$ cat input.csv   # CSV, C-alpha atoms
chain,number,residue,atom,x,y,z
A,100,MET,CA,-29.1,32.6,-10.3
A,101,LYS,CA,-25.8,31.0,-11.1
A,102,ILE,CA,-25.0,30.4,-14.8
A,103,ALA,CA,-21.9,28.3,-15.6
A,104,VAL,CA,-20.3,28.8,-18.9
A,105,ALA,CA,-18.5,25.5,-19.7
A,106,SER,CA,-17.4,23.5,-22.8
A,107,GLY,CA,-15.4,20.3,-22.4
A,108,LYS,CA,-13.0,21.3,-25.1
A,109,GLY,CA,-10.6,24.1,-24.4
A,110,GLY,CA,-10.4,27.2,-26.6
A,111,THR,CA,-14.0,27.2,-27.8
A,112,GLY,CA,-14.9,30.6,-26.3
A,113,LYS,CA,-16.0,30.1,-22.7
A,114,THR,CA,-14.1,33.1,-21.4
A,115,PHE,CA,-15.2,35.1,-24.5
A,116,VAL,CA,-18.9,34.3,-23.7
A,117,ALA,CA,-18.5,34.7,-19.9
A,118,THR,CA,-16.7,38.0,-19.9
A,119,ASN,CA,-19.0,39.5,-22.5
A,120,LEU,CA,-22.2,38.3,-20.8
A,121,PHE,CA,-20.9,39.9,-17.6
A,122,ASN,CA,-20.0,43.1,-19.4
A,123,VAL,CA,-23.5,43.6,-20.9
A,124,LEU,CA,-25.3,42.9,-17.6
A,125,SER,CA,-22.9,45.0,-15.7
A,126,GLY,CA,-23.2,47.8,-18.3
A,127,ARG,CA,-27.0,47.8,-17.7
A,128,GLY,CA,-26.5,48.4,-14.0
A,129,GLU,CA,-27.6,44.9,-13.0
A,130,LYS,CA,-26.3,43.0,-10.0
A,131,VAL,CA,-23.9,40.6,-11.6
A,132,THR,CA,-20.7,38.8,-10.4
A,133,LEU,CA,-18.1,37.0,-12.6
A,134,VAL,CA,-16.2,34.2,-11.0
A,135,ASP,CA,-13.1,32.9,-12.9
A,136,CYS,CA,-13.2,29.2,-12.0
A,137,ASP,CA,-10.4,28.2,-14.3
A,138,ALA,CA,-8.0,28.2,-11.4
A,139,GLU,CA,-5.2,26.6,-13.4
A,140,ALA,CA,-5.1,29.4,-15.9
A,141,PRO,CA,-7.3,32.3,-14.8
A,142,ASP,CA,-7.5,35.2,-17.4
A,143,ASP,CA,-10.9,36.9,-17.0
A,144,LEU,CA,-9.2,39.8,-15.3
A,145,LEU,CA,-7.3,40.7,-18.5
A,146,PHE,CA,-10.5,42.1,-20.0
A,147,PHE,CA,-11.3,44.5,-17.2
A,148,GLU,CA,-10.0,47.5,-15.4
A,149,ALA,CA,-10.4,46.4,-11.8
A,150,GLY,CA,-9.3,47.3,-8.3
A,151,LYS,CA,-8.4,44.6,-5.8
A,152,ARG,CA,-10.7,44.5,-2.8
A,153,ASP,CA,-9.7,41.4,-0.9
A,154,GLU,CA,-7.6,38.3,-1.1
A,155,PHE,CA,-7.4,35.1,1.0
A,156,GLU,CA,-5.5,31.8,0.8
A,157,VAL,CA,-7.2,28.4,0.4
A,158,THR,CA,-5.6,25.7,2.4
A,159,HIS,CA,-6.1,22.0,3.2
A,160,GLN,CA,-4.8,20.0,6.1
A,161,VAL,CA,-2.1,17.4,5.4
A,162,PRO,CA,-0.8,14.8,7.9
A,163,VAL,CA,2.5,15.0,9.7
A,164,ILE,CA,3.6,11.7,11.0
A,165,SER,CA,5.8,11.3,14.1
A,166,LYS,CA,8.0,8.3,13.7
A,167,ASP,CA,8.6,8.2,17.4
A,168,ALA,CA,4.9,7.7,18.2
A,169,CYS,CA,4.2,5.5,15.2
A,170,THR,CA,3.5,1.8,16.0
A,171,TRP,CA,3.9,0.7,12.4
A,172,CYS,CA,0.4,-0.7,12.2
A,173,GLY,CA,-0.1,0.6,8.7
A,174,ARG,CA,-3.7,1.7,9.2
A,175,CYS,CA,-3.1,5.3,7.9
A,176,SER,CA,-1.6,4.0,4.7
A,177,SER,CA,-4.3,1.4,4.1
A,178,TRP,CA,-7.1,4.0,4.8
A,179,CYS,CA,-5.6,6.4,2.3
A,180,ASN,CA,-7.5,6.3,-1.0
A,181,TYR,CA,-4.9,8.3,-2.9
A,182,ASN,CA,-1.6,6.4,-2.1
A,183,ALA,CA,-0.4,9.5,-0.3
A,184,ILE,CA,1.2,7.6,2.6
A,185,PHE,CA,4.2,5.7,1.6
A,186,TYR,CA,4.8,3.0,4.1
A,187,VAL,CA,7.5,0.3,4.2
A,188,PRO,CA,7.6,-1.0,7.8
A,189,THR,CA,10.5,-3.4,7.2
A,190,ALA,CA,12.7,-0.5,6.3
A,191,LYS,CA,11.1,1.7,8.9
A,192,VAL,CA,10.0,4.2,6.2
A,193,ILE,CA,6.8,6.2,6.5
A,194,GLU,CA,6.4,9.3,4.4
A,195,VAL,CA,3.6,11.6,3.4
A,196,ILE,CA,3.6,12.4,-0.3
A,197,GLU,CA,2.0,15.8,0.0
A,198,ASN,CA,1.0,16.4,-3.5
A,199,LEU,CA,-1.0,13.2,-3.6
A,200,CYS,CA,-2.9,14.1,-0.4
A,201,HIS,CA,-6.5,15.3,-0.8
A,202,GLY,CA,-6.7,16.5,2.8
A,203,CYS,CA,-9.6,14.2,3.6
A,204,GLY,CA,-8.3,13.5,7.2
A,205,ALA,CA,-8.9,9.7,7.0
A,206,CYS,CA,-5.4,8.9,8.1
A,207,SER,CA,-5.7,11.1,11.3
A,208,PHE,CA,-8.9,9.3,12.1
A,209,ALA,CA,-7.4,5.9,11.4
A,210,CYS,CA,-4.4,6.4,13.6
A,211,ASN,CA,-4.9,4.9,17.1
A,212,SER,CA,-1.5,5.9,18.5
A,213,GLY,CA,-1.6,9.7,18.2
A,214,ALA,CA,1.2,9.7,15.7
A,215,ILE,CA,-0.5,12.0,13.2
A,216,THR,CA,-0.9,15.8,13.5
A,217,GLU,CA,-2.0,18.0,10.7
A,218,LYS,CA,-0.6,21.1,9.1
A,219,PRO,CA,-2.1,23.5,6.6
A,220,VAL,CA,-0.8,23.6,3.0
A,221,VAL,CA,-1.7,26.5,0.8
A,222,LEU,CA,-3.5,25.3,-2.4
A,223,GLY,CA,-4.2,28.7,-4.0
A,224,THR,CA,-5.8,32.1,-3.6
A,225,VAL,CA,-9.2,33.7,-4.1
A,226,THR,CA,-9.0,37.4,-5.0
A,227,SER,CA,-11.9,39.7,-5.2
A,228,PHE,CA,-11.9,42.7,-7.5
A,229,THR,CA,-14.3,45.5,-8.4
A,230,THR,CA,-14.5,46.4,-12.1
A,231,SER,CA,-14.6,50.0,-13.3
A,232,ALA,CA,-18.3,49.4,-13.9
A,233,GLY,CA,-18.7,48.6,-10.2
A,234,SER,CA,-19.3,44.8,-10.5
A,235,PRO,CA,-17.4,42.1,-8.5
A,236,LEU,CA,-15.0,39.9,-10.3
A,237,ILE,CA,-13.6,37.0,-8.3
A,238,GLU,CA,-10.6,35.1,-9.4
A,239,SER,CA,-9.5,31.6,-8.3
A,240,ARG,CA,-5.8,30.9,-8.7
A,241,MET,CA,-4.2,27.6,-7.9
A,242,ARG,CA,-0.7,27.4,-6.7
A,243,VAL,CA,2.0,26.0,-9.1
A,244,ASN,CA,2.8,22.4,-8.2
A,245,GLU,CA,-0.5,21.7,-6.5
A,246,MET,CA,-2.4,18.8,-8.0
A,247,SER,CA,-6.1,19.8,-7.8
A,248,PRO,CA,-7.8,23.2,-8.1
A,249,VAL,CA,-11.1,21.9,-6.7
A,250,ARG,CA,-11.0,23.5,-3.3
A,251,VAL,CA,-9.9,26.8,-4.6
A,252,ILE,CA,-12.7,26.8,-7.1
A,253,LYS,CA,-15.2,25.9,-4.4
A,254,ALA,CA,-14.0,28.8,-2.2
A,255,ALA,CA,-14.2,31.3,-5.0
A,256,ILE,CA,-17.8,30.3,-5.8
A,257,LYS,CA,-18.7,30.6,-2.2
A,258,GLU,CA,-17.1,34.0,-2.0
A,259,ALA,CA,-19.3,35.2,-4.8
A,260,GLY,CA,-22.5,34.7,-2.8
A,261,ASN,CA,-25.9,34.3,-4.3
A,262,GLU,CA,-27.1,37.8,-5.1
A,263,GLY,CA,-28.2,38.7,-8.6
A,264,THR,CA,-26.6,36.8,-11.4
A,265,VAL,CA,-23.4,35.0,-10.8
A,266,ILE,CA,-21.5,33.9,-13.9
A,267,LEU,CA,-19.1,31.0,-13.5
A,268,ASP,CA,-16.4,30.8,-16.1
A,269,ALA,CA,-15.7,27.1,-15.9
A,270,PRO,CA,-12.4,25.3,-16.5
A,271,PRO,CA,-12.1,23.1,-19.6
A,272,GLY,CA,-12.5,19.4,-19.5
A,273,THR,CA,-15.2,17.3,-17.7
A,274,SER,CA,-13.3,16.1,-14.7
A,275,CYS,CA,-13.4,17.3,-11.0
A,276,PRO,CA,-12.8,21.0,-11.6
A,277,PHE,CA,-15.6,21.1,-14.2
A,278,VAL,CA,-17.9,19.2,-11.9
A,279,GLN,CA,-17.1,21.4,-8.9
A,280,THR,CA,-18.0,24.5,-11.0
A,281,VAL,CA,-21.3,23.3,-12.5
A,282,ASP,CA,-22.4,21.6,-9.3
A,283,THR,CA,-23.7,24.9,-7.8
A,284,ALA,CA,-25.0,26.3,-11.1
A,285,ASP,CA,-28.8,26.7,-11.9
A,286,TYR,CA,-28.1,26.6,-15.6
A,287,VAL,CA,-25.1,25.6,-17.8
A,288,VAL,CA,-24.2,27.2,-21.1
A,289,LEU,CA,-22.0,24.9,-23.1
A,290,VAL,CA,-19.9,26.8,-25.7
A,291,THR,CA,-18.7,24.6,-28.5
A,292,GLU,CA,-17.3,24.7,-32.0
A,293,PRO,CA,-18.6,22.7,-35.0
A,294,THR,CA,-15.7,20.3,-35.3
A,295,PRO,CA,-15.4,16.6,-34.5
A,296,PHE,CA,-13.3,17.5,-31.5
A,297,GLY,CA,-15.8,20.1,-30.3
A,298,LEU,CA,-18.6,17.5,-30.7
A,299,SER,CA,-16.7,14.8,-28.9
A,300,ASP,CA,-16.1,16.9,-25.8
A,301,LEU,CA,-19.6,18.4,-26.0
A,302,ARG,CA,-21.0,14.9,-25.8
A,303,GLN,CA,-18.9,14.2,-22.7
A,304,SER,CA,-20.0,17.4,-21.1
A,305,VAL,CA,-23.7,16.6,-21.8
A,306,GLU,CA,-23.4,13.1,-20.5
A,307,THR,CA,-21.7,14.4,-17.3
A,308,LEU,CA,-24.4,17.0,-16.8
A,309,LYS,CA,-27.1,14.4,-17.3
A,310,THR,CA,-25.8,12.5,-14.3
A,311,MET,CA,-26.0,15.7,-12.3
A,312,ASN,CA,-29.5,16.6,-13.5
A,313,LYS,CA,-28.4,19.9,-14.8
A,314,LYS,CA,-30.2,21.9,-17.4
A,315,CYS,CA,-28.0,23.1,-20.3
A,316,ALA,CA,-28.0,24.9,-23.6
A,317,VAL,CA,-25.5,25.3,-26.4
A,318,ILE,CA,-23.8,28.2,-28.0
A,319,ILE,CA,-21.9,27.3,-31.2
A,320,ASN,CA,-18.9,29.6,-31.7
A,321,ARG,CA,-17.3,30.0,-35.1
A,322,ALA,CA,-20.5,28.5,-36.3
A,323,ASP,CA,-19.8,29.0,-40.0
A,324,ILE,CA,-16.7,26.8,-40.1
A,325,GLY,CA,-16.5,23.0,-39.6
A,326,ASP,CA,-19.4,20.5,-40.1
A,327,ASN,CA,-23.0,19.8,-39.0
A,328,GLY,CA,-22.2,17.2,-36.4
A,329,VAL,CA,-22.9,19.5,-33.4
A,330,LYS,CA,-26.2,20.6,-34.7
A,331,ASP,CA,-27.3,17.1,-35.5
A,332,TYR,CA,-26.3,16.0,-32.1
A,333,ILE,CA,-28.1,18.7,-30.1
A,334,GLU,CA,-31.2,18.3,-32.2
A,335,GLU,CA,-31.2,14.6,-31.4
A,336,GLU,CA,-30.6,15.3,-27.7
A,337,LYS,CA,-33.2,18.1,-27.7
A,338,ILE,CA,-30.7,20.6,-26.3
A,339,PRO,CA,-31.7,24.2,-26.9
A,340,LEU,CA,-29.4,26.2,-29.2
A,341,LEU,CA,-29.0,29.6,-27.6
A,342,ALA,CA,-26.9,31.3,-30.2
A,343,GLU,CA,-24.6,30.8,-33.2
A,344,ILE,CA,-21.6,33.2,-33.4
A,345,ASN,CA,-19.9,33.3,-36.8
A,346,TYR,CA,-16.2,33.5,-37.2
A,347,ASP,CA,-15.1,37.1,-37.4
A,348,PRO,CA,-11.5,38.3,-37.5
A,349,VAL,CA,-12.7,41.5,-35.8
A,350,ILE,CA,-13.9,39.5,-32.8
A,351,ALA,CA,-10.8,37.5,-32.7
A,352,ARG,CA,-8.5,40.5,-32.9
A,353,CYS,CA,-10.5,42.3,-30.2
A,354,TYR,CA,-10.4,39.3,-27.9
A,355,SER,CA,-6.7,38.7,-28.4
A,356,GLU,CA,-6.0,42.3,-27.5
A,357,GLY,CA,-7.8,41.9,-24.2
A,358,ARG,CA,-10.8,44.0,-25.1
A,359,LEU,CA,-14.6,43.2,-25.0
A,360,ILE,CA,-16.4,43.1,-28.3
A,361,THR,CA,-19.7,44.0,-26.5
A,362,SER,CA,-18.2,47.4,-25.6
A,363,GLU,CA,-17.4,48.1,-29.2
A,364,ASP,CA,-20.0,46.5,-31.4
A,365,ASP,CA,-23.7,47.2,-30.7
A,366,LYS,CA,-24.9,44.3,-32.8
A,367,ILE,CA,-22.9,41.7,-30.8
A,368,ALA,CA,-23.8,43.6,-27.5
A,369,GLY,CA,-27.5,43.1,-28.5
A,370,LEU,CA,-26.9,39.4,-29.1
A,371,PHE,CA,-25.4,39.0,-25.6
A,372,ALA,CA,-28.1,41.1,-24.0
A,373,SER,CA,-30.9,38.9,-25.5
A,374,LEU,CA,-28.9,35.8,-24.6
A,375,ALA,CA,-28.8,36.9,-21.0
A,376,ASP,CA,-32.5,37.9,-21.0
A,377,LYS,CA,-33.5,34.5,-22.4
A,378,ILE,CA,-31.5,32.5,-19.8
A,379,ILE,CA,-32.7,34.6,-16.9
A,380,THR,CA,-36.4,34.8,-17.9
A,381,GLU,CA,-36.6,31.1,-18.7
A,382,HIS,CA,-34.5,29.7,-16.0
A,383,GLY,CA,-33.9,32.5,-13.4
A,384,THR,CA,-34.3,32.0,-9.7
A,385,GLY,CA,-35.6,34.2,-7.0
A,386,SER,CA,-32.3,36.0,-6.6
A,387,ASN,CA,-32.6,37.5,-10.0
A,388,LYS,CA,-35.2,40.2,-9.3
A,389,TRP,CA,-33.9,43.6,-10.2
B,248,MET,CA,19.1,-10.7,-3.9
B,249,LYS,CA,15.5,-10.2,-5.1
B,250,VAL,CA,14.9,-8.5,-8.4
B,251,ALA,CA,11.5,-7.2,-9.6
B,252,ILE,CA,10.9,-7.2,-13.3
B,253,THR,CA,7.8,-5.6,-14.7
B,254,SER,CA,5.9,-8.0,-17.0
B,255,THR,CA,2.9,-7.7,-19.4
B,256,GLY,CA,1.7,-11.2,-18.4
B,257,ASN,CA,1.8,-13.8,-15.7
B,258,SER,CA,4.4,-16.1,-17.3
B,259,LEU,CA,8.1,-15.9,-17.9
B,260,ASP,CA,7.5,-15.8,-21.6
B,261,SER,CA,5.6,-12.5,-21.3
B,262,THR,CA,7.3,-9.4,-22.5
B,263,ILE,CA,8.7,-6.7,-20.2
B,264,ASP,CA,6.0,-4.1,-19.3
B,265,GLN,CA,7.4,-0.7,-20.2
B,266,ARG,CA,5.7,1.1,-17.3
B,267,PHE,CA,6.7,0.6,-13.7
B,268,GLY,CA,3.8,1.9,-11.5
B,269,ARG,CA,1.1,0.7,-13.8
B,270,CYS,CA,2.6,-2.5,-15.1
B,271,ALA,CA,0.4,-5.6,-15.3
B,272,TYR,CA,2.5,-8.0,-13.2
B,273,PHE,CA,5.7,-8.0,-11.1
B,274,VAL,CA,7.9,-11.0,-11.6
B,275,ILE,CA,10.1,-11.3,-8.5
B,276,TYR,CA,13.2,-13.3,-9.1
B,277,ASP,CA,15.6,-14.5,-6.4
B,278,THR,CA,19.1,-14.6,-7.7
B,279,GLU,CA,20.3,-16.8,-4.9
B,280,THR,CA,17.6,-19.5,-4.9
B,281,GLY,CA,16.4,-19.1,-8.5
B,282,GLY,CA,12.9,-18.9,-7.1
B,283,VAL,CA,10.2,-16.9,-9.0
B,284,GLU,CA,7.1,-15.2,-7.7
B,285,ILE,CA,4.5,-13.6,-10.0
B,286,LEU,CA,2.3,-10.9,-8.5
B,287,PRO,CA,-0.6,-9.1,-10.3
B,288,ASN,CA,-0.2,-5.3,-9.8
B,289,PRO,CA,-3.1,-4.0,-7.7
B,290,ASN,CA,-2.1,-0.4,-8.6
B,291,ARG,CA,-2.5,-0.9,-12.3
B,292,ASP,CA,-5.6,1.2,-12.5
B,293,ALA,CA,-5.0,3.5,-9.5
B,294,GLN,CA,-6.3,7.0,-10.1
B,295,GLU,CA,-3.2,8.5,-8.5
B,296,GLY,CA,0.0,7.5,-6.9
B,297,ALA,CA,0.5,4.2,-8.7
B,298,GLY,CA,4.3,4.6,-8.6
B,299,PRO,CA,4.7,5.1,-4.8
B,300,ALA,CA,2.2,2.3,-4.2
B,301,SER,CA,4.1,-0.1,-6.4
B,302,VAL,CA,7.4,0.8,-4.7
B,303,GLN,CA,5.7,0.0,-1.4
B,304,LEU,CA,4.6,-3.4,-2.8
B,305,VAL,CA,7.9,-4.5,-4.1
B,306,ALA,CA,9.8,-3.1,-1.1
B,307,SER,CA,7.6,-5.1,1.2
B,308,ARG,CA,8.9,-8.2,-0.7
B,309,ASP,CA,12.5,-7.1,0.1
B,310,VAL,CA,13.4,-6.4,-3.5
B,311,ARG,CA,16.8,-4.6,-4.0
B,312,LYS,CA,16.6,-4.0,-7.8
B,313,ILE,CA,13.8,-3.1,-10.2
B,314,ILE,CA,14.0,-3.6,-13.9
B,315,SER,CA,11.4,-1.8,-16.1
B,316,GLY,CA,11.1,0.3,-19.2
B,317,GLU,CA,10.2,3.6,-17.5
B,318,PHE,CA,9.9,5.1,-14.0
B,319,GLY,CA,7.7,8.0,-13.0
B,320,MET,CA,8.9,11.2,-11.5
B,321,LYS,CA,7.6,10.7,-8.0
B,322,ILE,CA,9.5,7.5,-7.1
B,323,LYS,CA,13.2,8.3,-7.6
B,324,SER,CA,13.6,9.7,-4.1
B,325,LEU,CA,11.6,6.9,-2.5
B,326,LEU,CA,13.8,4.3,-4.2
B,327,ASP,CA,16.9,6.1,-3.1
B,328,SER,CA,15.7,6.2,0.5
B,329,LEU,CA,15.1,2.5,0.4
B,330,ARG,CA,18.4,1.9,-1.4
B,331,ILE,CA,16.6,0.0,-4.2
B,332,GLN,CA,18.3,0.2,-7.5
B,333,MET,CA,16.4,1.3,-10.6
B,334,VAL,CA,17.3,-0.2,-13.9
B,335,VAL,CA,15.8,1.3,-17.1
B,336,TYR,CA,15.6,-1.4,-19.8
B,337,LYS,CA,13.8,-0.1,-22.9
B,338,GLU,CA,13.4,-3.4,-24.7
B,339,PRO,CA,9.6,-4.0,-25.2
B,340,GLU,CA,10.2,-7.1,-27.4
B,341,LYS,CA,12.3,-8.9,-24.8
B,342,THR,CA,10.8,-11.5,-22.5
B,343,VAL,CA,11.1,-11.7,-18.7
B,344,GLN,CA,12.9,-15.0,-19.2
B,345,SER,CA,15.6,-13.3,-21.2
B,346,VAL,CA,16.2,-10.8,-18.4
B,347,ILE,CA,16.5,-13.6,-15.9
B,348,ASP,CA,19.0,-15.3,-18.1
B,349,MET,CA,21.1,-12.2,-18.2
B,350,LEU,CA,20.9,-11.9,-14.4
B,351,LYS,CA,22.1,-15.5,-14.1
B,352,LYS,CA,25.3,-14.8,-16.0
$ encode --input "input.csv" --output "structure tokens"
Amino acid sequence: MKIAVASGKGGTGKTFVATNLFNVLSGRGEKVTLVDCDAEAPDDLLFFEAGKRDEFEVTHQVPVISKDACTWCGRCSSWCNYNAIFYVPTAKVIEVIENLCHGCGACSFACNSGAITEKPVVLGTVTSFTTSAGSPLIESRMRVNEMSPVRVIKAAIKEAGNEGTVILDAPPGTSCPFVQTVDTADYVVLVTEPTPFGLSDLRQSVETLKTMNKKCAVIINRADIGDNGVKDYIEEEKIPLLAEINYDPVIARCYSEGRLITSEDDKIAGLFASLADKIITEHGTGSNKW
Amino acid sequence: MKVAITSTGNSLDSTIDQRFGRCAYFVIYDTETGGVEILPNPNRDAQEGAGPASVQLVASRDVRKIISGEFGMKIKSLLDSLRIQMVVYKEPEKTVQSVIDMLKK
């Protein structure tokens, strides 16, 4: 099964939960893969000793317009939904604004005079690693100056395949990168914090997931600070509360030094193990038999 | 010469819109004939590329100069290639009419 760990708000502990969940399952010898879907700032790899296995580039096709063949009909520009073809016929200017292009190919289709060819543009890379515990870790990494990580995320999730448990560490926010990540997930774990900001973004995430018919549950991180807003909200929405993790400087220090608390503290390792068991027994799919 | 002024409303008494690509209206003033055309900006709520699309719109009206509070990063080179002058005028309180009066002088 695929479990997405997401949040809405940044800095709530998605990577903390995703890496430690992966660590306990991997430590038990289970078939588990971690995919770092935060292609704009991937950092899951920091927590593991891992060897690189494979790497490939993710590209999309952008148009190249021949001014000689162009009949200045304007169809390509008017078909473009992203304002990526700058077209001023009176000045004989037609230009592709590459970082607005989504690579959809509509302009090539619209052109009746054969003036448009396409060329690949690299959007990012997908790199596969194997951790010292023998589990695959797949990292999506977007190229600097590109506008959207969506295709890179999609390629990384595809690379992970469907065997065993696949944990998707989602990007923050609730826009396209988030949607792309949770779209393939069987279950979504929303990590939040008990603050008005945490609640506001949790609400947005839940509303987005509702439109996608995705099942979700909540983990409240740093549960002993802040207010009761998140708890009241999830009670009202009947969203299961998977776990509460209290603020602990030992956890914070361990995380900030790039180490995994579940390798150092049996009690927290136990919490993550029961968390994984709960999700997999209640919501697991056929691919989870081990 | 035609000059585009970004406007918050569809009259000359409206104030200057501080954004170029996502302004509410373009007031196009012809310095030779004194004629005025007011265009609603269809790119106002564009998800992406409002700047280039707005350049395309005013360039198709043969505008040679644009007056606005701010211009986005993507459009400088486009305006250069079309030889359209960009004038930054950060006066959110001033009306479009007051800019036209200055152009008349």
$ closest_atom_pairs --input "input.csv" --of "chain A" --to "chain B" --cutoff "9 Å" --atoms "all atoms listed in the file" --output "Markdown table"
| residue | atom | partner | partner_atom | distance |
| --- | --- | --- | --- | --- |
| A:Asn180 | CA | B:Glu295 | CA | 8.9 |
| A:Tyr181 | CA | B:Glu295 | CA | 5.9 |
| A:Asn182 | CA | B:Gly296 | CA | 5.2 |
| A:Ala183 | CA | B:Gly296 | CA | 6.9 |
| A:Ile184 | CA | B:Pro299 | CA | 8.6 |
| A:Phe185 | CA | B:Pro299 | CA | 6.4 |
| A:Tyr186 | CA | B:Gln303 | CA | 6.3 |
| A:Val187 | CA | B:Gln303 | CA | 5.9 |
| A:Pro188 | CA | B:Ser307 | CA | 7.8 |
| A:Thr189 | CA | B:Ser307 | CA | 6.9 |
| A:Ala190 | CA | B:Leu329 | CA | 7.0 |
| A:Val192 | CA | B:Leu329 | CA | 7.9 |
| A:Glu194 | CA | B:Leu325 | CA | 9.0 |
| A:Ile196 | CA | B:Pro299 | CA | 8.6 |
| A:Leu199 | CA | B:Gly296 | CA | 6.7 |
$ atom_distance --input "input.csv" --atom1 "CA of Asn257 in chain B" --atom2 "CA of Lys352 in chain B"
23.5 Å
$ atom_distance --input "input.csv" --atom1 "CA of Tyr332 in chain A" --atom2 "CA of Asp135 in chain A"
28.8 Å
$ atom_distance --input "input.csv" --atom1 "CA of Gly112 in chain A" --atom2 "CA of Thr230 in chain A"
21.2 Å
$ residues_around --input "input.csv" --residues "Leu374 in chain A" --least-positions-apart "6" --cutoff "12 Å" --atoms "all atoms listed in the file" --output "number ranges by chain"
A: 102, 116-117, 119-121, 123-124, 288, 316-318, 340-344, 367-368, 380-382
$ write_last_selection --input "input.csv" --atoms "C-alpha atoms" --output "mmCIF file, keeping the file's coordinate frame"
data_model
loop_
_atom_site.group_PDB
_atom_site.id
_atom_site.type_symbol
_atom_site.label_atom_id
_atom_site.label_comp_id
_atom_site.auth_asym_id
_atom_site.auth_seq_id
_atom_site.Cartn_x
_atom_site.Cartn_y
_atom_site.Cartn_z
ATOM 1 C CA ILE A 102 -25.000 30.400 -14.800
ATOM 2 C CA VAL A 116 -18.900 34.300 -23.700
ATOM 3 C CA ALA A 117 -18.500 34.700 -19.900
ATOM 4 C CA ASN A 119 -19.000 39.500 -22.500
ATOM 5 C CA LEU A 120 -22.200 38.300 -20.800
ATOM 6 C CA PHE A 121 -20.900 39.900 -17.600
ATOM 7 C CA VAL A 123 -23.500 43.600 -20.900
ATOM 8 C CA LEU A 124 -25.300 42.900 -17.600
ATOM 9 C CA VAL A 288 -24.200 27.200 -21.100
ATOM 10 C CA ALA A 316 -28.000 24.900 -23.600
ATOM 11 C CA VAL A 317 -25.500 25.300 -26.400
ATOM 12 C CA ILE A 318 -23.800 28.200 -28.000
ATOM 13 C CA LEU A 340 -29.400 26.200 -29.200
ATOM 14 C CA LEU A 341 -29.000 29.600 -27.600
ATOM 15 C CA ALA A 342 -26.900 31.300 -30.200
ATOM 16 C CA GLU A 343 -24.600 30.800 -33.200
ATOM 17 C CA ILE A 344 -21.600 33.200 -33.400
ATOM 18 C CA ILE A 367 -22.900 41.700 -30.800
ATOM 19 C CA ALA A 368 -23.800 43.600 -27.500
ATOM 20 C CA THR A 380 -36.400 34.800 -17.900
ATOM 21 C CA GLU A 381 -36.600 31.100 -18.700
ATOM 22 C CA HIS A 382 -34.500 29.700 -16.000
#
$ residues_near_point --input "input.csv" --point "(-2.2, -7.5, -13.7)" --cutoff "9 Å" --atoms "all atoms listed in the file" --output "list of chain:residue names"
B:Ser254, B:Thr255, B:Gly256, B:Asn257, B:Arg269, B:Cys270, B:Ala271, B:Tyr272, B:Phe273, B:Leu286, B:Pro287, B:Asn288, B:Pro289, B:Asn290, B:Arg291
$ decode --input "input.csv" --residues "range 236-247 of chain A" --atoms "N, CA and C atoms" --output "mmCIF file, in the first residue's frame"
data_model
loop_
_atom_site.group_PDB
_atom_site.id
_atom_site.type_symbol
_atom_site.label_atom_id
_atom_site.label_comp_id
_atom_site.auth_asym_id
_atom_site.auth_seq_id
_atom_site.Cartn_x
_atom_site.Cartn_y
_atom_site.Cartn_z
ATOM 1 N N LEU A 236 15.273 3.940 -1.161
ATOM 2 C CA LEU A 236 14.877 5.323 -0.880
ATOM 3 C C LEU A 236 14.966 6.045 -2.222
ATOM 4 N N ILE A 237 13.877 6.646 -2.628
ATOM 5 C CA ILE A 237 13.856 7.316 -3.936
ATOM 6 C C ILE A 237 13.653 8.803 -3.734
ATOM 7 N N GLU A 238 14.539 9.565 -4.341
ATOM 8 C CA GLU A 238 14.488 11.012 -4.142
ATOM 9 C C GLU A 238 14.090 11.729 -5.432
ATOM 10 N N SER A 239 13.090 12.612 -5.335
ATOM 11 C CA SER A 239 12.766 13.492 -6.460
ATOM 12 C C SER A 239 13.463 14.821 -6.205
ATOM 13 N N ARG A 240 14.070 15.375 -7.220
ATOM 14 C CA ARG A 240 14.765 16.651 -7.043
ATOM 15 C C ARG A 240 14.547 17.519 -8.279
ATOM 16 N N MET A 241 13.887 18.632 -8.049
ATOM 17 C CA MET A 241 13.560 19.530 -9.147
ATOM 18 C C MET A 241 14.760 20.400 -9.478
ATOM 19 N N ARG A 242 14.867 20.772 -10.728
ATOM 20 C CA ARG A 242 15.966 21.634 -11.131
ATOM 21 C C ARG A 242 15.688 23.087 -10.724
ATOM 22 N N VAL A 243 16.730 23.787 -10.299
ATOM 23 C CA VAL A 243 16.578 25.191 -9.921
ATOM 24 C C VAL A 243 16.086 25.970 -11.138
ATOM 25 N N ASN A 244 15.129 26.872 -10.910
ATOM 26 C CA ASN A 244 14.566 27.731 -11.964
ATOM 27 C C ASN A 244 13.393 27.101 -12.719
ATOM 28 N N GLU A 245 13.111 25.822 -12.454
ATOM 29 C CA GLU A 245 11.901 25.257 -13.056
ATOM 30 C C GLU A 245 10.713 25.681 -12.191
ATOM 31 N N MET A 246 9.518 25.705 -12.810
ATOM 32 C CA MET A 246 8.367 26.254 -12.119
ATOM 33 C C MET A 246 7.539 25.218 -11.352
ATOM 34 N N SER A 247 7.484 23.993 -11.865
ATOM 35 C CA SER A 247 6.608 23.015 -11.223
ATOM 36 C C SER A 247 7.301 21.667 -11.028
#
